[in-house]
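Data from input.pdb: PDB, C-alpha atoms
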ATOM      1  CA  MET A1288      88.270 -92.067 101.686
ATOM      2  CA  LYS A1289      88.264 -88.875  99.661
ATOM      3  CA  THR A1290      91.744 -87.479  99.139
ATOM      4  CA  GLU A1291      91.058 -84.140  97.473
ATOM      5  CA  ASN A1292      93.629 -82.180  99.513
ATOM      6  CA  LEU A1293      96.399 -84.724  98.990
ATOM      7  CA  SER A1294      95.607 -85.048  95.290
ATOM      8  CA  ARG A1295      95.626 -81.263  94.849
ATOM      9  CA  TYR A1296      98.899 -81.056  96.776
ATOM     10  CA  LEU A1297     100.604 -83.729  94.651
ATOM     11  CA  THR A1298      99.370 -81.987  91.500
ATOM     12  CA  SER A1299     100.951 -78.726  92.718
ATOM     13  CA  PHE A1300     104.198 -80.603  93.421
ATOM     14  CA  GLY A1301     104.197 -82.177  89.936
ATOM     15  CA  LYS A1302     103.484 -78.860  88.212
ATOM     16  CA  TYR A1303     106.273 -77.217  90.211
ATOM     17  CA  ILE A1304     108.839 -79.856  89.166
ATOM     18  CA  VAL A1305     107.816 -79.652  85.489
ATOM     19  CA  LYS A1306     107.890 -75.837  85.450
ATOM     20  CA  GLN A1307     111.264 -75.582  87.197
ATOM     21  CA  SER A1308     112.810 -78.275  84.961
ATOM     22  CA  ARG A1309     111.633 -76.443  81.854
ATOM     23  CA  THR A1310     112.946 -73.137  83.217
ATOM     24  CA  ILE A1311     116.417 -74.581  83.782
ATOM     25  CA  LEU A1312     116.454 -76.111  80.285
ATOM     26  CA  SER A1313     115.606 -72.701  78.842
ATOM     27  CA  LYS A1314     118.214 -70.859  80.894
ATOM     28  CA  LYS A1315     120.917 -73.380  80.035
ATOM     29  CA  LYS A1316     119.905 -73.129  76.351
ATOM     30  CA  LYS A1317     119.455 -76.891  76.087
ATOM     31  CA  ASN A1318     116.131 -76.799  74.262
ATOM     32  CA  VAL A1319     116.906 -75.764  70.697
ATOM     33  CA  ASN A1320     113.931 -77.589  69.187
ATOM     34  CA  LYS A1321     111.888 -77.760  72.447
ATOM     35  CA  ALA A1322     111.389 -81.548  72.099
ATOM     36  CA  LEU A1323     112.818 -82.359  75.540
ATOM     37  CA  TYR A1324     111.166 -79.265  77.058
ATOM     38  CA  ASN A1325     107.729 -80.268  75.750
ATOM     39  CA  SER A1326     108.132 -83.915  76.747
ATOM     40  CA  ILE A1327     108.447 -83.249  80.506
ATOM     41  CA  ARG A1328     105.224 -84.191  82.275
ATOM     42  CA  PHE A1329     103.910 -86.005  85.338
ATOM     43  CA  GLN A1330     101.105 -88.396  86.232
ATOM     44  CA  ILE A1331      99.557 -89.188  89.600
ATOM     45  CA  LYS A1332      98.378 -92.738  90.235
ATOM     46  CA  ALA A1333      96.223 -93.732  93.182
ATOM     47  CA  ASP A1334      95.496 -97.289  94.276
ATOM     48  CA  ALA A1335      94.852 -99.268  97.474
ATOM     49  CA  GLN A1336      98.528 -98.988  98.497
ATOM     50  CA  GLY A1337      98.601 -95.179  98.181
ATOM     51  CA  PHE A1338      99.707 -92.521  95.748
ATOM     52  CA  GLU A1339     102.503 -92.505  93.220
ATOM     53  CA  ILE A1340     103.728 -89.584  91.152
ATOM     54  CA  ASP A1341     105.635 -90.458  87.980
ATOM     55  CA  PHE A1342     107.626 -88.043  85.836
ATOM     56  CA  PHE A1343     108.224 -88.567  82.123
ATOM     57  CA  MET A1344     110.520 -87.074  79.484
ATOM     58  CA  LEU A1345     112.300 -88.146  76.316
ATOM     59  CA  ASP A1346     114.901 -90.854  76.952
ATOM     60  CA  TYR A1347     117.892 -88.621  76.285
ATOM     61  CA  GLY A1348     116.733 -86.294  79.079
ATOM     62  CA  LYS A1349     118.488 -88.475  81.653
ATOM     63  CA  PHE A1350     121.789 -87.901  79.836
ATOM     64  CA  VAL A1351     121.238 -84.132  79.726
ATOM     65  CA  ASP A1352     120.294 -84.198  83.421
ATOM     66  CA  LYS A1353     123.055 -86.441  84.761
ATOM     67  CA  GLY A1354     125.672 -86.172  82.013
ATOM     68  CA  VAL A1355     127.736 -88.916  80.388
ATOM     69  CA  GLN A1356     131.347 -89.961  80.988
ATOM     70  CA  GLY A1357     133.623 -89.961  77.959
ATOM     71  CA  TRP A1358     135.757 -92.958  77.153
ATOM     72  CA  GLU A1359     138.863 -90.867  77.861
ATOM     73  CA  GLU A1360     137.764 -88.326  80.468
ATOM     74  CA  LYS A1361     135.748 -89.753  83.358
ATOM     75  CA  ASP A1362     135.054 -86.832  85.689
ATOM     76  CA  ASN A1363     131.602 -85.614  84.641
ATOM     77  CA  LYS A1364     129.412 -84.890  87.645
ATOM     78  CA  TYR A1365     125.901 -83.735  88.407
ATOM     79  CA  THR A1366     124.114 -82.606  91.558
ATOM     80  CA  ASN A1367     121.467 -85.090  92.689
ATOM     81  CA  TYR A1368     118.118 -84.292  94.320
ATOM     82  CA  LYS A1369     119.750 -84.466  97.764
ATOM     83  CA  GLY A1370     122.188 -81.699  96.799
ATOM     84  CA  GLU A1371     125.142 -84.113  96.632
ATOM     85  CA  GLU A1372     127.642 -83.946  93.793
ATOM     86  CA  LYS A1373     127.901 -87.374  92.131
ATOM     87  CA  LEU A1374     129.814 -88.882  89.244
ATOM     88  CA  THR A1375     127.420 -89.851  86.497
ATOM     89  CA  THR A1376     126.871 -93.559  85.952
ATOM     90  CA  TYR A1377     126.311 -93.173  82.208
ATOM     91  CA  SER A1378     129.357 -93.547  79.980
ATOM     92  CA  PHE A1379     130.546 -93.875  76.416
ATOM     93  CA  LYS A1380     132.797 -96.822  75.687
ATOM     94  CA  ARG A1381     135.568 -96.785  73.119
ATOM     95  CA  ASN A1382     133.453 -98.949  70.774
ATOM     96  CA  THR A1383     130.203 -96.965  71.337
ATOM     97  CA  PRO A1384     128.846 -95.546  68.070
ATOM     98  CA  LEU A1385     129.232 -91.805  67.633
ATOM     99  CA  VAL A1386     126.415 -89.441  68.556
ATOM    100  CA  PRO A1387     124.132 -89.378  65.451
ATOM    101  CA  ILE A1388     125.622 -86.940  62.929
ATOM    102  CA  GLY A1389     122.191 -85.967  61.523
ATOM    103  CA  ASP A1390     120.971 -84.831  64.937
ATOM    104  CA  LEU A1391     124.148 -82.817  65.482
ATOM    105  CA  MET A1392     123.853 -81.214  62.037
ATOM    106  CA  SER A1393     120.363 -79.995  62.934
ATOM    107  CA  TRP A1394     121.662 -78.739  66.279
ATOM    108  CA  ILE A1395     124.575 -76.903  64.596
ATOM    109  CA  LYS A1396     122.223 -75.287  62.091
ATOM    110  CA  ALA A1397     119.745 -74.192  64.788
ATOM    111  CA  ARG A1398     122.577 -72.686  66.836
ATOM    112  CA  GLY A1399     124.190 -70.981  63.843
ATOM    113  CA  ILE A1400     127.564 -72.547  64.640
ATOM    114  CA  LYS A1401     130.298 -72.202  62.007
ATOM    115  CA  ALA A1402     133.773 -73.709  61.990
ATOM    116  CA  ARG A1403     136.822 -71.466  62.424
ATOM    117  CA  ASP A1404     140.483 -72.031  61.650
ATOM    118  CA  LYS A1405     143.376 -71.555  64.099
ATOM    119  CA  LYS A1406     143.433 -67.808  63.376
ATOM    120  CA  GLY A1407     139.739 -67.440  64.207
ATOM    121  CA  ARG A1408     138.583 -66.992  60.621
ATOM    122  CA  PHE A1409     135.501 -68.805  59.350
ATOM    123  CA  SER A1410     136.509 -72.073  57.738
ATOM    124  CA  ALA A1411     135.096 -73.842  54.713
ATOM    125  CA  THR A1412     134.542 -76.947  56.834
ATOM    126  CA  THR A1413     131.171 -78.435  56.035
ATOM    127  CA  ARG A1414     128.420 -78.751  58.600
ATOM    128  CA  LYS A1415     128.777 -82.534  58.309
ATOM    129  CA  GLY A1416     132.498 -82.350  59.061
ATOM    130  CA  LEU A1417     131.850 -80.114  62.040
ATOM    131  CA  ALA A1418     129.133 -82.496  63.287
ATOM    132  CA  PHE A1419     131.559 -85.418  62.989
ATOM    133  CA  ALA A1420     134.216 -83.535  64.989
ATOM    134  CA  ILE A1421     131.708 -82.579  67.717
ATOM    135  CA  SER A1422     130.369 -86.143  67.859
ATOM    136  CA  HIS A1423     133.868 -87.536  68.295
ATOM    137  CA  SER A1424     134.621 -84.955  71.001
ATOM    138  CA  ILE A1425     131.412 -85.812  72.914
ATOM    139  CA  LYS A1426     132.278 -89.503  72.791
ATOM    140  CA  ARG A1427     135.851 -88.851  73.986
ATOM    141  CA  ARG A1428     135.139 -86.170  76.637
ATOM    142  CA  GLY A1429     131.514 -86.922  77.547
ATOM    143  CA  MET A1430     128.840 -84.412  78.497
ATOM    144  CA  LYS A1431     128.494 -82.550  81.768
ATOM    145  CA  GLY A1432     125.089 -82.959  83.399
ATOM    146  CA  ILE A1433     123.057 -79.821  84.063
ATOM    147  CA  SER A1434     120.791 -81.286  86.797
ATOM    148  CA  PHE A1435     117.748 -79.708  85.153
ATOM    149  CA  PHE A1436     115.511 -82.328  86.785
ATOM    150  CA  GLN A1437     117.521 -83.180  89.911
ATOM    151  CA  ARG A1438     117.704 -79.577  91.168
ATOM    152  CA  PRO A1439     113.932 -78.914  90.940
ATOM    153  CA  MET A1440     113.312 -82.258  92.656
ATOM    154  CA  GLU A1441     115.553 -81.160  95.544
ATOM    155  CA  LEU A1442     113.813 -77.775  95.791
ATOM    156  CA  GLY A1443     110.372 -79.369  95.435
ATOM    157  CA  LEU A1444     110.977 -81.922  98.181
ATOM    158  CA  ASN A1445     112.213 -79.159 100.482
ATOM    159  CA  ARG A1446     109.266 -76.930  99.616
ATOM    160  CA  TYR A1447     106.460 -79.501  99.569
ATOM    161  CA  GLY A1448     107.761 -82.386 101.687
ATOM    162  CA  GLY A1449     106.941 -80.945 105.100
ATOM    163  CA  GLU A1450     103.317 -80.128 104.321
ATOM    164  CA  LEU A1451     102.455 -83.501 102.801
ATOM    165  CA  LEU A1452     101.327 -84.990 106.099
ATOM    166  CA  SER A1453      99.304 -81.870 106.847
ATOM    167  CA  GLU A1454      97.316 -82.290 103.624
ATOM    168  CA  LEU A1455      96.765 -85.984 104.302
ATOM    169  CA  SER A1456      95.632 -85.061 107.815
ATOM    170  CA  LYS A1457      93.021 -82.649 106.389
ATOM    171  CA  ASP A1458      91.615 -85.456 104.224
ATOM    172  CA  ILE A1459      91.460 -87.836 107.200
ATOM    173  CA  GLN A1460      89.786 -85.208 109.385
ATOM    174  CA  ALA A1461      87.209 -84.513 106.678
ATOM    175  CA  GLU A1462      86.488 -88.244 106.425
ATOM    176  CA  ILE A1463      86.133 -88.550 110.217
ATOM    177  CA  LYS A1464      83.707 -85.602 110.284
ATOM    178  CA  LEU A1465      81.685 -87.199 107.504
ATOM    179  CA  VAL A1466      81.499 -90.554 109.327
ATOM    180  CA  ALA A1467      80.641 -88.817 112.632
ATOM    181  CA  LYS A1468      77.874 -86.852 110.904
ATOM    182  CA  ASP A1469      76.434 -90.085 109.462
ATOM    183  CA  LEU A1470      76.533 -91.734 112.893
ATOM    184  CA  THR A1471      74.741 -88.762 114.467
ATOM    185  CA  ILE A1472      71.966 -88.922 111.863
ATOM    186  CA  GLU A1473      71.521 -92.682 112.391
ATOM    187  CA  ASN A1474      71.298 -92.295 116.209
ATOM    188  CA  ASN A1475      68.474 -89.728 115.963
TER     189      ASN A1475
END
Now that the file is in, can you turn its structure into structure tokens?
Amino acid sequence: MKTENLSRYLTSFGKYIVKQSRTILSKKKKNVNKALYNSIRFQIKADAQGFEIDFFMLDYGKFVDKGVQGWEEKDNKYTNYKGEEKLTTYSFKRNTPLVPIGDLMSWIKARGIKARDKKGRFSATTRKGLAFAISHSIKRRGMKGISFFQRPMELGLNRYGGELLSELSKDIQAEIKLVAKDLTIENN
């Protein structure tokens, strides 16, 4: 059976999720080097059992999306694709290594962040020292999730979910018409 309508519909759904996820990352300023932004993509697979749509992104995207509990503070939440607020299942343990200092140093440089003393004056603290302090803070307090993927999935399912059967129905009707046409030709 030809499934052009359903395939086109799933492609529209996938493009919508990718676009909305990227938009949220940009608005939340979570894409300094655009690596996560550029890694978000989807793939549609069709086989005898049906269709499957898979989404891909860099591994750390799940932590940005759902957040991570700190080893001290354990109240980081995210909003799932059903619109429910959930505690994240990811967590740092006391013996977890720190967030890589080199990655944080690049992030600090790209953001133009500089250390300040208690009076608000710029400090002579090195970028490496600042990265170490931020890394330790992330491990202790965790990271709040921004639901950059979960929210578009919720909106996409609400927007596209109801019409899915309609598109499948169009493909089935087209196949029935094609079979009926072939039967009519054979009977003549």
Explicit residues for the PyMOL selection byres ((chain A and resi 1377) around 7) (as a list in words):
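Checking the PyMOL selection byres ((chain A and resi 1377) around 7) against this file, the residues are Val1355, Gln1356, Thr1375, Thr1376 and Ser1378 of chain A.
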Specify as a VMD selection string each residue included when the PyMOL selection byres ((chain A and resi 1324) around 10) is applied to this file.
chain A and resid 1305 to 1306 1308 to 1313 1317 to 1323 1325 to 1328 1344 to 1345 1348
So which one's closest to A:Phe1329, A:Val1351, A:Lys1316, A:Ser1299, A:Arg1414? Using all atoms listed in the file, please.
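Nearest to A:Phe1329: A:Ser1299.
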Near stretch 1443-1446 of chain A, counting only C-alpha atoms, which residues have an atom at most 9 Å away, once you skip same-chain residues fewer than 4 positions from it, shown as a list in words?
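Once the nearby chain positions are removed, what remains is Phe1300, Gly1301, Tyr1303, Ile1304, Tyr1368, Arg1438, Pro1439 and Glu1450 of chain A.
For the pair atom CA of A:Gln1330 and atom CA of A:Phe1342, the interatomic distance is 6.5 Å.
Using only C-alpha atoms, the smallest distance between any of A:Gln1307, A:Asp1404, A:Asn1363, A:Pro1384 and A:Glu1441 comes from A:Gln1307.
Residue nearest A:Ile1331 within the list A:Ser1422, A:Thr1412, A:Ser1294, A:Thr1366: A:Ser1294 [criterion: smallest interatomic distance, all atoms listed in the file].
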Starting from the shown file, work through the PyMOL selection byres ((chain A and resi 1433) around 8) and note down what comes out as a list in words.
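Answer for the PyMOL selection byres ((chain A and resi 1433) around 8): Lys1315, Val1351, Asp1352, Lys1353, Gly1354, Tyr1365, Lys1431, Gly1432, Ser1434 and Phe1435 of chain A.
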Just want the 12 Å neighbourhood of A:Arg1403, counted on only C-alpha atoms, with same-chain residues fewer than 4 positions away dropped. Output as a list in words.
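Using only C-alpha atoms, the neighbours found are Gly1407, Arg1408, Phe1409, Ser1410, Ala1411, Thr1412, Thr1413, Arg1414 and Leu1417 of chain A.
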Save out the residues we just selected, C-alpha atoms, as a PDB file, in the frame of the given file.
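Saved result, selection_36.pdb, follows:
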ATOM      1  CA  GLY A1407     139.739 -67.440  64.207  1.00  0.00           C
ATOM      2  CA  ARG A1408     138.583 -66.992  60.621  1.00  0.00           C
ATOM      3  CA  PHE A1409     135.501 -68.805  59.350  1.00  0.00           C
ATOM      4  CA  SER A1410     136.509 -72.073  57.738  1.00  0.00           C
ATOM      5  CA  ALA A1411     135.096 -73.842  54.713  1.00  0.00           C
ATOM      6  CA  THR A1412     134.542 -76.947  56.834  1.00  0.00           C
ATOM      7  CA  THR A1413     131.171 -78.435  56.035  1.00  0.00           C
ATOM      8  CA  ARG A1414     128.420 -78.751  58.600  1.00  0.00           C
ATOM      9  CA  LEU A1417     131.850 -80.114  62.040  1.00  0.00           C
TER      10      LEU A1417
END
